[in-house]
Amino acid sequence: MRKVGFIGWRGMVGSVLMTRMYKNNDFESLTPVFFSTSQKGQQVDILGVGASVLKDAYAIDVLMQMEIIVTCQGSDYTADILPKLRNSGWQGYWIDAASHLRMHDDSVIVLDPINGDSIQKALDKGVKNFVGGNCTVSLMMLAIQGLLKEDLINWISVMSYQAVSGAGAKAMIELVNQMSLAGNVDITDSLTLERDIHTKVSSSDFPCTEFLTPMAYNILPFIDAPLANGQSKEEWKAQAEMNKILQKTPALPIDGICVRVPVLRAHSQALTIELKKSIALNDIQQKLEKANEWVRFVDNDPKLTAKHLTPMAVSNTLDIAVGRLKKTNLSDRHIQLFTVGDQLLWGAAEPLRRMLNICLARV
Ligand code: HSE
């Protein structure tokens, strides 16, 4: 059986990937080898795999024996190890959750329900590096696949509401801790409780290391590094990555503001779209629903929205909820919709799991 090396499998994305692989019996068609950057030699018991001794994630000779490597270890690891492997003549498939390789010419951003054909063509041409996309990009593209595939869009303005899971496990733990510390106040009077919470959260000794400001009772409209053009790097990724996935030139213009919100693990996005032509809302709905099996269309209704179009409704599922579909005052060709998806599933682990299976069919 094909040897597949896993690195970063104990982190948050890695753990979600392991669980998905276990549930789908993916381990039955490969021989997994588990690596560690810090605990080589440790014996571990892995869901669906059993006992395993961890290999050294920096041992190039051991990594070279893998036909496929799946890494959720992060960009620094990729930048360090992949060139060493390739320079040593390693011909295997590298499947990566980190952003480092995404825009490299010799890598493909994987989201196979959208670019499965491009992935197969790249494999035919000998491409070996495959990278999961930014979570908001993957979730948005699945949500509007029905419009993208018929090339019906002129531009997209997207405002995101991104969960703290996107910043890592520590950020989730910090938010929950902050909420519990901040919320421990006398709740008999609304103005008093607001003042007390505001005092606590604003105080310089309120615990906050994961973001530039506490996320409890707050939002932060800046994600990732600032760029010279005023965008954040997270905002830049939308147009760059989506167009790379679609292989579209000239580029489909996409821009917006990415906002961190005190939600645990599902990203939401509000889109304004200029269509190339006027399309009836019913037809748009049908196109969105038919495009893939994960879109859950939610009628533009308050109760249905509350039940199905929230981070709580989609977390821990592969559902891509799409709703609030409406025409705008701008014109008949300008529509708006809202979409929510699990940041760790379709936003991170699932495209990698599916890419692994695509590679396994080739080796
Ligand atoms: N960059 C994303 C975020 C997560 O900060 O939410 C990874 O795709």
# chains A, B, ... in the order shown; residues from 1 in each chain; ligands from 1
$ residues_near_ligand --ligand "ligand 1" --cutoff "8 Å" --atoms "only C-alpha atoms and all ligand atoms" --output "ChimeraX atom specification"
/A:133-136,162-167,223-224,234,260,267,343,347-348
$ write_last_selection --atoms "N, CA and C atoms" --output "PDB file, in the first residue's frame"
ATOM      1  N   GLY A 133      -6.889  26.106  -0.190  1.00  0.00           N
ATOM      2  CA  GLY A 133      -7.058  27.556  -0.307  1.00  0.00           C
ATOM      3  C   GLY A 133      -7.362  28.204   1.032  1.00  0.00           C
ATOM      4  N   ASN A 134      -7.347  29.512   1.032  1.00  0.00           N
ATOM      5  CA  ASN A 134      -7.792  30.264   2.201  1.00  0.00           C
ATOM      6  C   ASN A 134      -9.246  29.879   2.500  1.00  0.00           C
ATOM      7  N   CYS A 135      -9.570  29.795   3.772  1.00  0.00           N
ATOM      8  CA  CYS A 135     -10.890  29.281   4.150  1.00  0.00           C
ATOM      9  C   CYS A 135     -12.051  30.110   3.583  1.00  0.00           C
ATOM     10  N   THR A 136     -11.936  31.424   3.655  1.00  0.00           N
ATOM     11  CA  THR A 136     -13.052  32.239   3.152  1.00  0.00           C
ATOM     12  C   THR A 136     -13.210  32.053   1.646  1.00  0.00           C
ATOM     13  N   GLN A 162     -15.367  36.449  10.391  1.00  0.00           N
ATOM     14  CA  GLN A 162     -14.555  35.243  10.504  1.00  0.00           C
ATOM     15  C   GLN A 162     -14.364  34.801  11.960  1.00  0.00           C
ATOM     16  N   ALA A 163     -14.578  33.502  12.142  1.00  0.00           N
ATOM     17  CA  ALA A 163     -14.465  32.908  13.471  1.00  0.00           C
ATOM     18  C   ALA A 163     -13.018  32.934  13.958  1.00  0.00           C
ATOM     19  N   VAL A 164     -12.856  32.846  15.266  1.00  0.00           N
ATOM     20  CA  VAL A 164     -11.510  32.877  15.839  1.00  0.00           C
ATOM     21  C   VAL A 164     -10.724  31.591  15.552  1.00  0.00           C
ATOM     22  N   SER A 165     -11.404  30.508  15.170  1.00  0.00           N
ATOM     23  CA  SER A 165     -10.677  29.276  14.816  1.00  0.00           C
ATOM     24  C   SER A 165      -9.684  29.532  13.695  1.00  0.00           C
ATOM     25  N   GLY A 166      -9.992  30.514  12.841  1.00  0.00           N
ATOM     26  CA  GLY A 166      -9.083  30.847  11.739  1.00  0.00           C
ATOM     27  C   GLY A 166      -7.736  31.330  12.229  1.00  0.00           C
ATOM     28  N   ALA A 167      -7.689  31.763  13.484  1.00  0.00           N
ATOM     29  CA  ALA A 167      -6.422  32.223  14.069  1.00  0.00           C
ATOM     30  C   ALA A 167      -5.792  31.146  14.934  1.00  0.00           C
ATOM     31  N   ILE A 223      -7.720  41.567   9.512  1.00  0.00           N
ATOM     32  CA  ILE A 223      -7.208  40.202   9.668  1.00  0.00           C
ATOM     33  C   ILE A 223      -5.953  40.071   8.825  1.00  0.00           C
ATOM     34  N   ASP A 224      -4.877  39.658   9.474  1.00  0.00           N
ATOM     35  CA  ASP A 224      -3.574  39.452   8.818  1.00  0.00           C
ATOM     36  C   ASP A 224      -2.888  40.804   8.566  1.00  0.00           C
ATOM     37  N   GLU A 234      -5.504  39.162   4.157  1.00  0.00           N
ATOM     38  CA  GLU A 234      -6.671  38.277   4.057  1.00  0.00           C
ATOM     39  C   GLU A 234      -7.602  38.756   2.940  1.00  0.00           C
ATOM     40  N   ARG A 260     -12.886  39.935  12.023  1.00  0.00           N
ATOM     41  CA  ARG A 260     -12.871  38.848  13.014  1.00  0.00           C
ATOM     42  C   ARG A 260     -14.026  39.078  13.979  1.00  0.00           C
ATOM     43  N   HIS A 267     -17.153  30.531   9.438  1.00  0.00           N
ATOM     44  CA  HIS A 267     -16.971  31.844   8.808  1.00  0.00           C
ATOM     45  C   HIS A 267     -18.246  32.210   8.041  1.00  0.00           C
ATOM     46  N   GLN A 343     -15.279  26.573   9.115  1.00  0.00           N
ATOM     47  CA  GLN A 343     -13.936  27.014   8.726  1.00  0.00           C
ATOM     48  C   GLN A 343     -12.927  25.870   8.730  1.00  0.00           C
ATOM     49  N   GLY A 347     -13.497  24.701   4.939  1.00  0.00           N
ATOM     50  CA  GLY A 347     -12.533  25.807   4.955  1.00  0.00           C
ATOM     51  C   GLY A 347     -11.088  25.360   5.066  1.00  0.00           C
ATOM     52  N   ALA A 348     -10.832  24.095   5.425  1.00  0.00           N
ATOM     53  CA  ALA A 348      -9.432  23.684   5.624  1.00  0.00           C
ATOM     54  C   ALA A 348      -9.191  22.200   5.334  1.00  0.00           C
TER      55      ALA A 348
END
$ residues_around --residues "region 330-337 of chain A" --least-positions-apart "4" --cutoff "6 Å" --atoms "only C-alpha atoms" --output "compact mmCIF listing (two decimals) with C-alpha atoms, in the first residue's frame"
# COMPACT_ATOMS: atom_id res chain seq x y z
CA ALA A 270 -22.06 38.87 3.00
CA LEU A 271 -21.71 39.25 -0.76
CA THR A 272 -22.83 41.95 -3.15
CA ILE A 273 -22.51 40.67 -6.70
CA GLU A 274 -22.83 42.44 -10.02
CA LEU A 275 -24.22 39.94 -12.50
CA LYS A 277 -27.25 40.10 -16.89
CA SER A 278 -30.48 40.25 -14.94
CA GLY A 323 -29.49 32.66 2.07
CA ARG A 324 -30.66 36.28 2.29
CA LEU A 325 -30.70 36.20 -1.52
CA LYS A 326 -32.22 39.42 -2.82
$ closest_residue --among "A:Lys200, A:Lys327, A:Arg195, A:Lys244" --to "Ala280 (chain A)" --atoms "only C-alpha atoms"
A:Lys327
$ residues_around --residues "Asp76 (chain A)" --least-positions-apart "6" --cutoff "12 Å" --atoms "only C-alpha atoms" --output "CSV table (one decimal) with all heavy atoms, in the first residue's frame"
chain,number,residue,atom,x,y,z
A,37,THR,N,7.4,17.1,14.7
A,37,THR,CA,8.5,18.1,14.8
A,37,THR,C,9.2,18.1,16.1
A,37,THR,O,10.3,18.6,16.3
A,37,THR,CB,8.1,19.5,14.4
A,37,THR,OG1,7.0,19.8,15.3
A,37,THR,CG2,7.6,19.6,13.0
A,82,LEU,N,10.3,21.4,2.1
A,82,LEU,CA,9.9,21.0,0.8
A,82,LEU,C,11.1,21.2,-0.2
A,82,LEU,O,11.5,20.3,-1.0
A,82,LEU,CB,8.7,21.7,0.3
A,82,LEU,CG,8.2,21.2,-1.1
A,82,LEU,CD1,7.9,19.7,-1.2
A,82,LEU,CD2,7.0,22.0,-1.6
A,83,PRO,N,11.8,22.4,-0.2
A,83,PRO,CA,13.0,22.5,-1.1
A,83,PRO,C,14.0,21.5,-0.8
A,83,PRO,O,14.6,21.0,-1.8
A,83,PRO,CB,13.5,23.9,-0.7
A,83,PRO,CG,12.4,24.6,0.0
A,83,PRO,CD,11.6,23.6,0.6
A,96,ASP,N,-0.8,20.3,1.2
A,96,ASP,CA,-0.4,21.3,2.2
A,96,ASP,C,-1.6,22.2,2.6
A,96,ASP,O,-2.3,22.7,1.7
A,96,ASP,CB,0.7,22.2,1.7
A,96,ASP,CG,1.6,22.8,2.8
A,96,ASP,OD1,1.0,23.0,3.9
A,96,ASP,OD2,2.7,23.2,2.5
A,97,ALA,N,-1.8,22.4,3.9
A,97,ALA,CA,-2.8,23.3,4.4
A,97,ALA,C,-2.3,24.7,4.5
A,97,ALA,O,-3.1,25.7,4.5
A,97,ALA,CB,-3.3,22.9,5.8
A,98,ALA,N,-1.0,24.9,4.5
A,98,ALA,CA,-0.4,26.3,4.8
A,98,ALA,C,-0.5,27.1,3.5
A,98,ALA,O,-0.5,26.6,2.4
A,98,ALA,CB,1.0,26.1,5.3
A,99,SER,N,-0.4,28.4,3.7
A,99,SER,CA,-0.5,29.3,2.5
A,99,SER,C,0.8,29.5,1.7
A,99,SER,O,0.7,30.0,0.6
A,99,SER,CB,-1.0,30.7,3.0
A,99,SER,OG,0.0,31.3,3.9
A,100,HIS,N,1.9,29.1,2.3
A,100,HIS,CA,3.2,29.4,1.7
A,100,HIS,C,3.3,29.2,0.1
A,100,HIS,O,3.8,30.0,-0.6
A,100,HIS,CB,4.3,28.7,2.4
A,100,HIS,CG,5.7,28.8,1.8
A,100,HIS,ND1,6.4,30.0,1.9
A,100,HIS,CD2,6.5,28.0,1.1
A,100,HIS,CE1,7.5,29.9,1.3
A,100,HIS,NE2,7.6,28.7,0.8
A,101,LEU,N,2.8,28.0,-0.3
A,101,LEU,CA,3.0,27.7,-1.7
A,101,LEU,C,1.8,28.1,-2.6
A,101,LEU,O,1.9,27.9,-3.8
A,101,LEU,CB,3.0,26.1,-1.8
A,101,LEU,CG,4.2,25.4,-1.2
A,101,LEU,CD1,4.0,23.9,-1.4
A,101,LEU,CD2,5.5,25.8,-1.9
$ residues_around --residues "region 357-362 of chain A" --least-positions-apart "5" --cutoff "9 Å" --atoms "only C-alpha atoms" --output "VMD selection string"
chain A and resid 2 26 29 to 30 68 93 119 to 120 123 352
$ write_last_selection --atoms "N, CA, C and O atoms" --output "PDB file, in the first residue's frame"
ATOM      1  N   ARG A   2       0.278   2.341  -0.478  1.00  0.00           N
ATOM      2  CA  ARG A   2       1.005   3.591  -0.639  1.00  0.00           C
ATOM      3  C   ARG A   2       1.328   4.229   0.699  1.00  0.00           C
ATOM      4  O   ARG A   2       0.451   4.394   1.559  1.00  0.00           O
ATOM      5  N   ASP A  26     -10.704   6.233   5.035  1.00  0.00           N
ATOM      6  CA  ASP A  26      -9.599   6.564   4.123  1.00  0.00           C
ATOM      7  C   ASP A  26      -8.312   5.836   4.498  1.00  0.00           C
ATOM      8  O   ASP A  26      -7.475   5.580   3.626  1.00  0.00           O
ATOM      9  N   SER A  29      -6.951   2.526   2.602  1.00  0.00           N
ATOM     10  CA  SER A  29      -6.305   2.432   1.293  1.00  0.00           C
ATOM     11  C   SER A  29      -4.901   3.042   1.286  1.00  0.00           C
ATOM     12  O   SER A  29      -4.394   3.421   0.234  1.00  0.00           O
ATOM     13  N   LEU A  30      -4.280   3.154   2.462  1.00  0.00           N
ATOM     14  CA  LEU A  30      -2.924   3.707   2.502  1.00  0.00           C
ATOM     15  C   LEU A  30      -2.213   3.196   3.755  1.00  0.00           C
ATOM     16  O   LEU A  30      -2.831   2.673   4.672  1.00  0.00           O
ATOM     17  N   ILE A  68       3.318  10.158  -0.745  1.00  0.00           N
ATOM     18  CA  ILE A  68       2.525  11.381  -0.573  1.00  0.00           C
ATOM     19  C   ILE A  68       2.817  11.914   0.829  1.00  0.00           C
ATOM     20  O   ILE A  68       2.929  11.127   1.780  1.00  0.00           O
ATOM     21  N   TYR A  93       3.958  13.429  -4.003  1.00  0.00           N
ATOM     22  CA  TYR A  93       2.949  14.496  -3.950  1.00  0.00           C
ATOM     23  C   TYR A  93       2.981  15.161  -2.587  1.00  0.00           C
ATOM     24  O   TYR A  93       2.985  14.475  -1.555  1.00  0.00           O
ATOM     25  N   ILE A 119      -7.155  20.174 -11.666  1.00  0.00           N
ATOM     26  CA  ILE A 119      -6.291  19.325 -10.834  1.00  0.00           C
ATOM     27  C   ILE A 119      -5.841  18.112 -11.642  1.00  0.00           C
ATOM     28  O   ILE A 119      -4.660  17.755 -11.653  1.00  0.00           O
ATOM     29  N   GLN A 120      -6.785  17.483 -12.352  1.00  0.00           N
ATOM     30  CA  GLN A 120      -6.414  16.300 -13.157  1.00  0.00           C
ATOM     31  C   GLN A 120      -5.423  16.674 -14.258  1.00  0.00           C
ATOM     32  O   GLN A 120      -4.455  15.944 -14.500  1.00  0.00           O
ATOM     33  N   LEU A 123      -2.058  17.158 -12.704  1.00  0.00           N
ATOM     34  CA  LEU A 123      -1.447  15.855 -12.400  1.00  0.00           C
ATOM     35  C   LEU A 123      -0.876  15.226 -13.676  1.00  0.00           C
ATOM     36  O   LEU A 123       0.233  14.698 -13.682  1.00  0.00           O
ATOM     37  N   LEU A 352      -8.189  19.030   1.467  1.00  0.00           N
ATOM     38  CA  LEU A 352      -6.950  18.240   1.546  1.00  0.00           C
ATOM     39  C   LEU A 352      -7.263  16.746   1.516  1.00  0.00           C
ATOM     40  O   LEU A 352      -6.591  15.961   0.846  1.00  0.00           O
TER      41      LEU A 352
END
$ atom_distance --atom1 "CA of Ile279 (chain A)" --atom2 "CA of Ile254 (chain A)"
20.3 Å
$ atom_distance --atom1 "CA of Asn129 (chain A)" --atom2 "CA of Arg10 (chain A)"
21.9 Å
$ residues_around --residues "Met215 (chain A)" --least-positions-apart "6" --cutoff "8 Å" --atoms "only C-alpha atoms" --output "list in words"
Leu175, Gln178, Arg260, Val261 and Pro262 of chain A
$ atom_distance --atom1 "CA of Pro311 (chain A)" --atom2 "CA of Asp151 (chain A)"
28.6 Å
$ closest_atom_pairs --of "region 198-293 of chain A" --to "region 110-115 of chain A" --cutoff "8 Å" --atoms "only C-alpha atoms" --output "Markdown table"
| residue | atom | partner | partner_atom | distance |
| --- | --- | --- | --- | --- |
| A:Ile245 | CA | A:Asn115 | CA | 6.5 |
| A:Leu246 | CA | A:Asn115 | CA | 6.9 |
| A:Asn292 | CA | A:Pro113 | CA | 7.3 |
$ closest_residue --among "A:Ala225, A:Leu148, A:Ala59, A:Met21" --to "Leu47 (chain A)" --atoms "only C-alpha atoms"
A:Met21
